[in-house]
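Peer 1: Next up is a structure, given as structure tokens.
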Amino acid sequence: MRRQDGTFEKTQEITFSMCDFTERIKPSALLVIAADIAGDDYSDRGLPHDALLKEGVVFLVSRVRFSIKRRIRAEESIKLISYERRVTGPFCIRDYIVEDDRGEIIIAGRSAWIICDPVSRRILRPASFPHPIQNHEDIILDVGEPEKLKLPQDMEKVCERKVVYSDLDGNGHVNNSVYGDMASDVLPMELFNGEIKEFAINFVKEARMGDTITIFRGKDGDREFIAGFLGDSLCFECAFTFKGQR
């Protein structure tokens with residue numbers, strides 16, 4: 001639904017399958033609903049994915065950061081609000097607001113997207129996009145900028161992960177939400193008994209069918225870091241902050 005201020009809103013039911021063993025939403029599922037509402041926003045403006053492809057453009061998420069007051073529970077109904085915030089260099093910045101049934105903000109998010117040629121994967125300037133990009137910098141949101149992470153120097157290799165059929169999406173590469181699972185899977189399960197205070201993930205290099213991602217883990221203060229590499233090249237980097245962890 002298009003709101004009077006130009007932002008986009010939808011109601012989302014959180015299903016049991018979107019949640020982990022604590023019956024709270026998985027980081028990967030949070031990435032899914034964030035990507036979906038971005039697509040719904042463009043579709044509502046007459047720019048669904050297939051129409052953008054015909055125009056020779058595709059939006060790819062590059063960085064995401066969530067500030068989490070509390071995780072969403074299974075069977076909970078939430079209100080999602082999303083909008084383009086501004087253009088910064090090559091990035092289109094998009095925000096997310098998650099409200100509970102009392103109208104309280106329980107999750108705030110900010111993401112950075114790039115516009116690419118779907119064939120060559122060449123990054124296109126936002127100014128070349130033939131449609132208006134909104135500006136909603138007037139909306140105050142308590143979340144940091146999605147920035148490059150400073151990985152600890154002493155990260156240890158934990159596993160290798162081969163890309164398989166179920167990892168891929170319609171863009172032919174590993175779907176961004178899958179990296180959320182890859183990162184979560186190498187953390188001790190007991191961490192998820194607590195609450196996640198912040199979750200940040202950056203997508204650096206596309207992984208495709210048959211690639212092998214080498215995953216490393218490290219810690220700096222109260223932040224748990226996970227990074228995946230394709231050979232010597234960084235594929236993704238991720239940071240979790242858990243409440244009460246030191």
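In the structure tokens, chains take the letters A, B, ... in the order shown, each chain's residues start at 1, and ligands count up from 1 in the order shown.
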Tell me which protein, DNA and RNA residues are within 9 Å of stretch 102-119 of chain A, counting only C-alpha atoms, leaving out same-chain ones fewer than 4 positions away, and put them as a compact mmCIF listing (two decimals) with all heavy atoms, in the first residue's frame.
Peer 2:
```
# COMPACT_ATOMS: atom_id res chain seq x y z
N ALA A 34 12.98 -8.10 3.78
CA ALA A 34 13.48 -6.79 3.40
C ALA A 34 13.64 -6.69 1.88
O ALA A 34 13.28 -5.67 1.28
CB ALA A 34 14.82 -6.52 4.09
N LEU A 53 14.25 -5.52 -16.15
CA LEU A 53 15.14 -6.30 -17.02
C LEU A 53 15.04 -5.83 -18.47
O LEU A 53 16.05 -5.73 -19.17
CB LEU A 53 14.81 -7.78 -16.92
CG LEU A 53 15.29 -8.52 -15.67
CD1 LEU A 53 14.80 -9.97 -15.71
CD2 LEU A 53 16.82 -8.49 -15.57
N GLY A 56 17.09 -3.04 -19.11
CA GLY A 56 18.51 -3.29 -18.98
C GLY A 56 19.10 -2.92 -17.64
O GLY A 56 20.29 -2.58 -17.55
N VAL A 57 18.26 -3.00 -16.59
CA VAL A 57 18.76 -2.68 -15.25
C VAL A 57 18.27 -3.71 -14.25
O VAL A 57 17.21 -4.33 -14.42
CB VAL A 57 18.32 -1.27 -14.78
CG1 VAL A 57 18.92 -0.20 -15.65
CG2 VAL A 57 16.81 -1.15 -14.73
N VAL A 58 19.06 -3.91 -13.20
CA VAL A 58 18.66 -4.77 -12.09
C VAL A 58 19.24 -4.15 -10.83
O VAL A 58 20.35 -3.61 -10.84
CB VAL A 58 19.15 -6.22 -12.29
CG1 VAL A 58 20.67 -6.30 -12.33
CG2 VAL A 58 18.60 -7.13 -11.21
N PHE A 59 18.47 -4.18 -9.75
CA PHE A 59 18.95 -3.71 -8.45
C PHE A 59 19.55 -4.89 -7.69
O PHE A 59 18.92 -5.94 -7.56
CB PHE A 59 17.80 -3.10 -7.63
CG PHE A 59 17.45 -1.69 -8.02
CD1 PHE A 59 16.54 -1.45 -9.04
CD2 PHE A 59 18.01 -0.61 -7.35
CE1 PHE A 59 16.20 -0.14 -9.39
CE2 PHE A 59 17.68 0.69 -7.70
CZ PHE A 59 16.77 0.93 -8.72
N LEU A 60 20.76 -4.71 -7.19
CA LEU A 60 21.42 -5.73 -6.38
C LEU A 60 21.77 -5.13 -5.02
O LEU A 60 22.37 -4.04 -4.95
CB LEU A 60 22.69 -6.24 -7.05
CG LEU A 60 22.54 -6.94 -8.40
CD1 LEU A 60 23.90 -7.34 -8.95
CD2 LEU A 60 21.63 -8.16 -8.30
N VAL A 61 21.39 -5.83 -3.97
CA VAL A 61 21.69 -5.32 -2.62
C VAL A 61 23.17 -5.52 -2.33
O VAL A 61 23.75 -6.57 -2.64
CB VAL A 61 20.80 -6.00 -1.56
CG1 VAL A 61 21.04 -7.50 -1.48
CG2 VAL A 61 20.99 -5.33 -0.20
N SER A 62 23.81 -4.51 -1.78
CA SER A 62 25.24 -4.55 -1.49
C SER A 62 25.52 -4.62 0.01
O SER A 62 26.40 -5.37 0.44
CB SER A 62 25.91 -3.30 -2.08
OG SER A 62 27.28 -3.27 -1.78
N ARG A 63 24.78 -3.85 0.79
CA ARG A 63 25.01 -3.82 2.23
C ARG A 63 23.67 -3.69 2.96
O ARG A 63 22.76 -3.01 2.47
CB ARG A 63 25.90 -2.63 2.62
CG ARG A 63 27.27 -2.61 1.95
CD ARG A 63 28.00 -1.31 2.25
NE ARG A 63 29.30 -1.28 1.58
CZ ARG A 63 30.11 -0.22 1.59
NH1 ARG A 63 29.75 0.90 2.22
NH2 ARG A 63 31.28 -0.27 0.98
N VAL A 64 23.58 -4.34 4.11
CA VAL A 64 22.37 -4.26 4.93
C VAL A 64 22.77 -4.17 6.40
O VAL A 64 23.71 -4.85 6.84
CB VAL A 64 21.45 -5.49 4.75
CG1 VAL A 64 20.13 -5.29 5.50
CG2 VAL A 64 21.18 -5.76 3.28
N ARG A 65 22.06 -3.35 7.14
CA ARG A 65 22.31 -3.23 8.58
C ARG A 65 20.98 -3.09 9.31
O ARG A 65 20.14 -2.26 8.94
CB ARG A 65 23.19 -2.01 8.86
CG ARG A 65 23.64 -1.85 10.31
CD ARG A 65 24.67 -0.75 10.40
NE ARG A 65 25.19 -0.57 11.73
CZ ARG A 65 26.18 0.27 12.05
NH1 ARG A 65 26.76 1.00 11.09
NH2 ARG A 65 26.61 0.38 13.29
N PHE A 66 20.79 -3.92 10.33
CA PHE A 66 19.57 -3.88 11.13
C PHE A 66 19.90 -3.57 12.58
O PHE A 66 20.82 -4.17 13.15
CB PHE A 66 18.84 -5.23 11.09
CG PHE A 66 18.26 -5.59 9.75
CD1 PHE A 66 18.81 -6.61 9.00
CD2 PHE A 66 17.17 -4.92 9.24
CE1 PHE A 66 18.29 -6.96 7.78
CE2 PHE A 66 16.63 -5.25 8.01
CZ PHE A 66 17.19 -6.28 7.27
N SER A 67 19.15 -2.65 13.16
CA SER A 67 19.18 -2.41 14.59
C SER A 67 17.91 -3.05 15.17
O SER A 67 16.80 -2.70 14.76
CB SER A 67 19.19 -0.90 14.88
OG SER A 67 19.14 -0.65 16.27
N ILE A 68 18.10 -3.98 16.10
CA ILE A 68 16.99 -4.84 16.52
C ILE A 68 16.66 -4.62 17.99
O ILE A 68 17.47 -4.91 18.87
CB ILE A 68 17.35 -6.33 16.26
CG1 ILE A 68 17.69 -6.51 14.76
CG2 ILE A 68 16.20 -7.24 16.69
CD1 ILE A 68 18.25 -7.88 14.43
N LYS A 69 15.47 -4.09 18.25
CA LYS A 69 15.01 -3.93 19.64
C LYS A 69 14.59 -5.28 20.20
O LYS A 69 14.89 -5.61 21.34
CB LYS A 69 13.84 -2.94 19.68
CG LYS A 69 13.35 -2.63 21.08
CD LYS A 69 12.26 -1.57 21.06
CE LYS A 69 11.76 -1.27 22.47
NZ LYS A 69 10.68 -0.24 22.45
N ARG A 70 13.88 -6.03 19.37
CA ARG A 70 13.57 -7.43 19.69
C ARG A 70 13.28 -8.15 18.39
O ARG A 70 12.81 -7.54 17.42
CB ARG A 70 12.40 -7.57 20.67
CG ARG A 70 11.03 -7.28 20.08
CD ARG A 70 9.93 -7.86 20.95
NE ARG A 70 8.60 -7.50 20.45
CZ ARG A 70 7.94 -8.16 19.51
NH1 ARG A 70 8.50 -9.22 18.92
NH2 ARG A 70 6.74 -7.78 19.13
N ARG A 71 13.57 -9.45 18.37
CA ARG A 71 13.27 -10.23 17.17
C ARG A 71 11.78 -10.55 17.08
O ARG A 71 11.10 -10.71 18.11
CB ARG A 71 14.09 -11.51 17.15
CG ARG A 71 15.44 -11.34 16.48
CD ARG A 71 16.07 -12.67 16.17
NE ARG A 71 16.48 -13.40 17.35
CZ ARG A 71 16.83 -14.68 17.34
NH1 ARG A 71 16.80 -15.37 16.21
NH2 ARG A 71 17.20 -15.27 18.45
N ILE A 72 11.32 -10.69 15.85
CA ILE A 72 9.92 -11.00 15.60
C ILE A 72 9.67 -12.46 15.93
O ILE A 72 10.50 -13.33 15.66
CB ILE A 72 9.58 -10.73 14.12
CG1 ILE A 72 10.13 -9.35 13.69
CG2 ILE A 72 8.08 -10.79 13.90
CD1 ILE A 72 10.24 -9.20 12.19
N ILE A 78 3.23 -8.31 11.58
CA ILE A 78 4.00 -7.07 11.67
C ILE A 78 3.62 -6.13 10.52
O ILE A 78 3.07 -6.55 9.50
CB ILE A 78 5.52 -7.36 11.61
CG1 ILE A 78 5.87 -8.10 10.31
CG2 ILE A 78 5.98 -8.13 12.84
CD1 ILE A 78 7.35 -8.21 10.04
N LYS A 79 3.94 -4.87 10.71
CA LYS A 79 3.80 -3.88 9.65
C LYS A 79 5.20 -3.52 9.16
O LYS A 79 6.07 -3.17 9.96
CB LYS A 79 3.09 -2.63 10.13
CG LYS A 79 2.93 -1.56 9.04
CD LYS A 79 2.47 -0.23 9.61
CE LYS A 79 1.05 -0.31 10.13
NZ LYS A 79 0.58 1.03 10.59
N ARG A 85 15.81 6.24 0.61
CA ARG A 85 16.19 7.36 1.48
C ARG A 85 16.91 8.46 0.71
O ARG A 85 16.62 9.64 0.85
CB ARG A 85 17.07 6.86 2.63
CG ARG A 85 17.46 7.95 3.62
CD ARG A 85 18.13 7.39 4.86
NE ARG A 85 18.30 8.44 5.86
CZ ARG A 85 17.34 8.81 6.70
NH1 ARG A 85 16.15 8.23 6.66
NH2 ARG A 85 17.56 9.77 7.58
N THR A 88 23.67 7.99 -2.61
CA THR A 88 25.00 8.33 -2.09
C THR A 88 26.04 7.66 -2.98
O THR A 88 26.20 6.44 -2.94
CB THR A 88 25.18 7.85 -0.64
OG1 THR A 88 24.18 8.46 0.19
CG2 THR A 88 26.56 8.21 -0.11
N PRO A 90 27.55 5.60 -5.68
CA PRO A 90 26.95 4.58 -6.55
C PRO A 90 25.75 3.88 -5.90
O PRO A 90 25.12 3.04 -6.54
CB PRO A 90 28.10 3.58 -6.74
CG PRO A 90 28.86 3.66 -5.45
CD PRO A 90 28.79 5.11 -5.04
N PHE A 91 25.44 4.22 -4.64
CA PHE A 91 24.43 3.49 -3.88
C PHE A 91 23.08 4.21 -3.84
O PHE A 91 23.01 5.43 -3.69
CB PHE A 91 24.89 3.28 -2.43
CG PHE A 91 26.12 2.45 -2.29
CD1 PHE A 91 27.28 3.00 -1.75
CD2 PHE A 91 26.14 1.12 -2.68
CE1 PHE A 91 28.43 2.23 -1.60
CE2 PHE A 91 27.28 0.35 -2.54
CZ PHE A 91 28.43 0.91 -2.00
N CYS A 92 22.03 3.40 -3.94
CA CYS A 92 20.68 3.84 -3.61
C CYS A 92 20.41 3.33 -2.19
O CYS A 92 20.39 2.11 -1.97
CB CYS A 92 19.65 3.28 -4.58
SG CYS A 92 19.85 3.85 -6.28
N ILE A 93 20.22 4.24 -1.26
CA ILE A 93 20.01 3.87 0.13
C ILE A 93 18.53 3.65 0.37
O ILE A 93 17.70 4.49 0.02
CB ILE A 93 20.56 4.94 1.09
CG1 ILE A 93 22.03 5.26 0.77
CG2 ILE A 93 20.40 4.51 2.55
CD1 ILE A 93 22.96 4.08 0.89
N ARG A 94 18.20 2.51 0.98
CA ARG A 94 16.80 2.16 1.29
C ARG A 94 16.68 1.83 2.77
O ARG A 94 17.51 1.10 3.32
CB ARG A 94 16.35 0.97 0.43
CG ARG A 94 14.96 0.42 0.82
CD ARG A 94 14.49 -0.65 -0.13
NE ARG A 94 14.12 -0.09 -1.42
CZ ARG A 94 12.91 0.40 -1.69
NH1 ARG A 94 11.95 0.41 -0.76
NH2 ARG A 94 12.64 0.88 -2.88
N ASP A 95 15.62 2.34 3.39
CA ASP A 95 15.37 2.09 4.81
C ASP A 95 14.21 1.14 5.00
O ASP A 95 13.34 0.98 4.12
CB ASP A 95 15.03 3.39 5.54
CG ASP A 95 16.27 4.24 5.81
OD1 ASP A 95 17.39 3.81 5.48
OD2 ASP A 95 16.10 5.34 6.38
N TYR A 96 14.18 0.52 6.19
CA TYR A 96 13.10 -0.40 6.58
C TYR A 96 12.68 -0.09 8.01
O TYR A 96 13.53 0.15 8.88
CB TYR A 96 13.56 -1.86 6.52
CG TYR A 96 14.25 -2.25 5.24
CD1 TYR A 96 15.64 -2.20 5.14
CD2 TYR A 96 13.52 -2.66 4.12
CE1 TYR A 96 16.28 -2.56 3.97
CE2 TYR A 96 14.16 -3.01 2.95
CZ TYR A 96 15.53 -2.96 2.88
OH TYR A 96 16.17 -3.29 1.71
N ILE A 97 11.38 -0.14 8.23
CA ILE A 97 10.83 -0.02 9.58
C ILE A 97 9.92 -1.21 9.81
O ILE A 97 9.06 -1.53 8.97
CB ILE A 97 10.03 1.29 9.74
CG1 ILE A 97 10.92 2.52 9.53
CG2 ILE A 97 9.36 1.35 11.11
CD1 ILE A 97 10.16 3.83 9.44
N VAL A 98 10.11 -1.89 10.94
CA VAL A 98 9.24 -3.00 11.33
C VAL A 98 8.51 -2.59 12.60
O VAL A 98 9.16 -2.29 13.62
CB VAL A 98 10.03 -4.30 11.56
CG1 VAL A 98 9.07 -5.43 11.95
CG2 VAL A 98 10.81 -4.69 10.30
N ILE A 123 28.32 -1.92 -13.17
CA ILE A 123 27.60 -1.02 -12.27
C ILE A 123 27.22 0.25 -13.01
O ILE A 123 28.05 0.86 -13.70
CB ILE A 123 28.45 -0.69 -11.03
CG1 ILE A 123 28.71 -1.97 -10.21
CG2 ILE A 123 27.75 0.35 -10.16
CD1 ILE A 123 29.63 -1.76 -9.03
N LEU A 124 25.96 0.63 -12.90
CA LEU A 124 25.44 1.82 -13.56
C LEU A 124 25.28 2.96 -12.54
O LEU A 124 24.98 2.71 -11.37
CB LEU A 124 24.09 1.52 -14.21
CG LEU A 124 24.07 0.33 -15.19
CD1 LEU A 124 22.63 0.07 -15.65
CD2 LEU A 124 24.98 0.59 -16.38
N ARG A 125 25.46 4.17 -13.00
CA ARG A 125 25.27 5.33 -12.13
C ARG A 125 23.78 5.51 -11.82
O ARG A 125 22.94 5.39 -12.72
CB ARG A 125 25.81 6.59 -12.79
CG ARG A 125 27.31 6.62 -12.97
CD ARG A 125 27.78 7.90 -13.67
NE ARG A 125 27.23 8.01 -15.03
CZ ARG A 125 26.28 8.85 -15.39
NH1 ARG A 125 25.72 9.66 -14.50
NH2 ARG A 125 25.86 8.90 -16.64
N PRO A 126 23.42 5.80 -10.56
CA PRO A 126 22.01 6.05 -10.25
C PRO A 126 21.39 7.13 -11.13
O PRO A 126 20.21 7.07 -11.46
CB PRO A 126 22.05 6.48 -8.78
CG PRO A 126 23.25 5.79 -8.23
CD PRO A 126 24.26 5.81 -9.35
N PHE A 129 19.49 5.92 -14.14
CA PHE A 129 18.23 5.21 -13.97
C PHE A 129 17.10 6.11 -14.46
O PHE A 129 16.95 7.25 -14.01
CB PHE A 129 18.02 4.87 -12.49
CG PHE A 129 16.83 4.00 -12.21
CD1 PHE A 129 16.70 2.75 -12.80
CD2 PHE A 129 15.82 4.43 -11.35
CE1 PHE A 129 15.61 1.94 -12.53
CE2 PHE A 129 14.72 3.63 -11.08
CZ PHE A 129 14.62 2.39 -11.69
N LEU A 141 15.55 7.71 11.77
CA LEU A 141 15.55 6.28 12.07
C LEU A 141 16.81 5.93 12.86
O LEU A 141 17.90 6.35 12.50
CB LEU A 141 15.49 5.48 10.76
CG LEU A 141 14.99 4.03 10.82
CD1 LEU A 141 13.60 3.96 11.44
CD2 LEU A 141 15.00 3.40 9.45
N ASP A 142 16.64 5.16 13.92
CA ASP A 142 17.74 4.83 14.82
C ASP A 142 18.48 3.59 14.32
O ASP A 142 18.32 2.49 14.83
CB ASP A 142 17.21 4.60 16.23
CG ASP A 142 18.33 4.40 17.25
OD1 ASP A 142 19.47 4.78 16.94
OD2 ASP A 142 18.05 3.87 18.35
N VAL A 143 19.29 3.80 13.29
CA VAL A 143 20.12 2.71 12.74
C VAL A 143 21.33 3.33 12.09
O VAL A 143 21.26 4.43 11.51
CB VAL A 143 19.32 1.85 11.73
CG1 VAL A 143 18.89 2.68 10.52
CG2 VAL A 143 20.11 0.64 11.30
N GLY A 144 22.47 2.65 12.19
CA GLY A 144 23.69 3.16 11.59
C GLY A 144 23.73 2.96 10.09
O GLY A 144 22.92 2.24 9.50
N GLU A 145 24.72 3.59 9.47
CA GLU A 145 24.90 3.45 8.03
C GLU A 145 25.45 2.06 7.70
O GLU A 145 26.24 1.50 8.46
CB GLU A 145 25.85 4.51 7.50
CG GLU A 145 25.34 5.93 7.65
CD GLU A 145 24.06 6.17 6.86
OE1 GLU A 145 23.94 5.64 5.73
OE2 GLU A 145 23.18 6.88 7.37
N PRO A 146 25.04 1.48 6.58
CA PRO A 146 25.59 0.18 6.16
C PRO A 146 26.98 0.38 5.58
O PRO A 146 27.15 0.68 4.40
CB PRO A 146 24.59 -0.30 5.11
CG PRO A 146 23.99 0.97 4.55
CD PRO A 146 24.02 1.99 5.65
N GLU A 147 28.00 0.22 6.41
CA GLU A 147 29.37 0.53 6.02
C GLU A 147 30.21 -0.73 5.85
O GLU A 147 29.82 -1.82 6.28
CB GLU A 147 30.01 1.43 7.09
CG GLU A 147 29.28 2.75 7.29
CD GLU A 147 29.82 3.55 8.46
OE1 GLU A 147 30.31 2.94 9.43
OE2 GLU A 147 29.76 4.79 8.38
N ASN A 171 18.75 -14.31 -10.39
CA ASN A 171 19.88 -13.57 -10.95
C ASN A 171 21.06 -14.49 -11.24
O ASN A 171 22.11 -14.02 -11.70
CB ASN A 171 20.31 -12.45 -10.00
CG ASN A 171 19.30 -11.31 -9.96
OD1 ASN A 171 18.77 -10.90 -11.00
ND2 ASN A 171 19.03 -10.80 -8.77
```
Peer 1: Could you give me, as an MDAnalysis selection string, each residue of stretch 9-229 of chain A that DSSP assigns to strand (DSSP E) when run on this structure's backbone?
Peer 2: chainID A and resid 9:13 58:68 77:88 91:99 105:116 123:124 156:162 196:203 212:220 223:229
Peer 1: Going by DSSP on the backbone, which bits of stretch 54-208 of chain A are helix (DSSP H, G or I)? Write them as a list in words, please.
Peer 2: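 Written out, the helix (DSSP H, G or I) residues of stretch 54-208 of chain A are Lys54, Pro126, Ala127, Ser128, Tyr165, Ser166, Asp167, Asn176, Ser177, Val178, Tyr179, Gly180, Asp181, Met182, Ala183, Ser184, Asp185, Met189, Glu190, Leu191, Phe192 and Asn193 of chain A.
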Peer 1: Have a look at A:Arg121, A:His136, A:Lys54, A:Lys26 and name the one nearest to A:Phe192; count only C-alpha atoms.
Peer 2: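 Closest residue, counting only C-alpha atoms: A:Lys26.
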Peer 1: Which one is closest to A:Asp232: A:Ile213, A:Lys219, A:Ser28, A:Asp50? Count only C-alpha atoms.
Peer 2: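 Of A:Ile213, A:Lys219, A:Ser28, A:Asp50, the one nearest A:Asp232, counting only C-alpha atoms, is A:Ile213.
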Peer 1: With only C-alpha atoms as the counted atoms, please give the residues lying no more than 10 Å from A:Ser17, apart from itself and same-chain residues fewer than 6 positions off, as JSON, numbers by chain.
Peer 2: {"A": [23, 25, 26, 29, 74, 75]}
Peer 1: Could you list, as a PyMOL selection string, every residue within 12 Å of A:Leu149, counting only C-alpha atoms and ignoring same-chain residues fewer than 2 positions away?
Peer 2: chain A and resi 63-65+145-147+151-152+199-204+220+223-227+234+236-240
Peer 1: Distance atom CA of A:Asp154-atom CA of A:Met182, one decimal place?
Peer 2: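 Those two atoms sit 19.7 Å apart.
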Peer 1: Here is a test: counting only C-alpha atoms, which residue of A:Thr22, A:Gln12, A:Gln153, A:Thr7 is nearest to A:Ser82?
Peer 2: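 Once distances to A:Ser82 are computed over only C-alpha atoms, the minimum belongs to A:Thr7.
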Peer 1: Using only C-alpha atoms, pick whichever of A:Lys157, A:Lys150, A:Arg3, A:Lys243 has the shortest atom-to-atom distance to A:Glu198.
Peer 2: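 Selected residue with least distance to A:Glu198: A:Lys243.
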Peer 1: Determine, counting only C-alpha atoms, which protein, DNA and RNA residues have an atom within 9 Å of an atom of A:Asp40; residues of the same chain fewer than 5 positions away are not included. Present the result as a list in words.
Peer 2: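 Contacts, in chain order: Phe8, Lys10, Ala35, Arg45 and Pro48 of chain A.
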Peer 1: Write the residues of the preceding selection, restricted to N, CA and C atoms, as a PDB file, in the first residue's frame.
Peer 2:
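The new file result_30.pdb reads:
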```pdb
ATOM      1  N   PHE A   8       6.193   2.944   1.203  1.00  0.00           N
ATOM      2  CA  PHE A   8       5.394   1.757   0.904  1.00  0.00           C
ATOM      3  C   PHE A   8       5.220   0.924   2.168  1.00  0.00           C
ATOM      4  N   LYS A  10       3.321  -2.712   3.974  1.00  0.00           N
ATOM      5  CA  LYS A  10       2.626  -3.978   3.831  1.00  0.00           C
ATOM      6  C   LYS A  10       2.571  -4.664   5.186  1.00  0.00           C
ATOM      7  N   ALA A  35      14.163  -7.743   1.260  1.00  0.00           N
ATOM      8  CA  ALA A  35      14.300  -7.740  -0.199  1.00  0.00           C
ATOM      9  C   ALA A  35      12.935  -7.759  -0.879  1.00  0.00           C
ATOM     10  N   ARG A  45       4.995   0.769  -8.152  1.00  0.00           N
ATOM     11  CA  ARG A  45       5.277   1.964  -8.958  1.00  0.00           C
ATOM     12  C   ARG A  45       5.348   1.632 -10.449  1.00  0.00           C
ATOM     13  N   PRO A  48       8.078  -3.705 -11.951  1.00  0.00           N
ATOM     14  CA  PRO A  48       8.426  -5.042 -11.465  1.00  0.00           C
ATOM     15  C   PRO A  48       9.750  -5.506 -12.058  1.00  0.00           C
TER      16      PRO A  48
END
```
Peer 1: For a quick check of understanding, using only C-alpha atoms, which of A:Leu31, A:Met189, A:Gly210, A:Gly170 has the smallest distance to A:His49?
Peer 2: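 Ranking A:Leu31, A:Met189, A:Gly210, A:Gly170 by distance to A:His49, first place goes to A:Gly170.
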Peer 1: Hey, can you check how far atom CA of A:Gly218 sits from atom CA of A:Asp20?
Peer 2: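 Taking atom CA of A:Gly218 and atom CA of A:Asp20, their separation equals 22.8 Å.
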Peer 1: Quick one: of A:Ser177, A:Glu76, A:Met209, A:Phe242, who's nearest to A:Asp222, counting only C-alpha atoms?
Peer 2: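 Counting only C-alpha atoms, the residue closest to A:Asp222 is A:Phe242.
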Peer 1: Would you compute the distance between atom CA of A:Ser77 and atom CA of A:Ile14? Give it in Å to one decimal.
Peer 2: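 Between atom CA of A:Ser77 and atom CA of A:Ile14 the gap works out to 6.3 Å.
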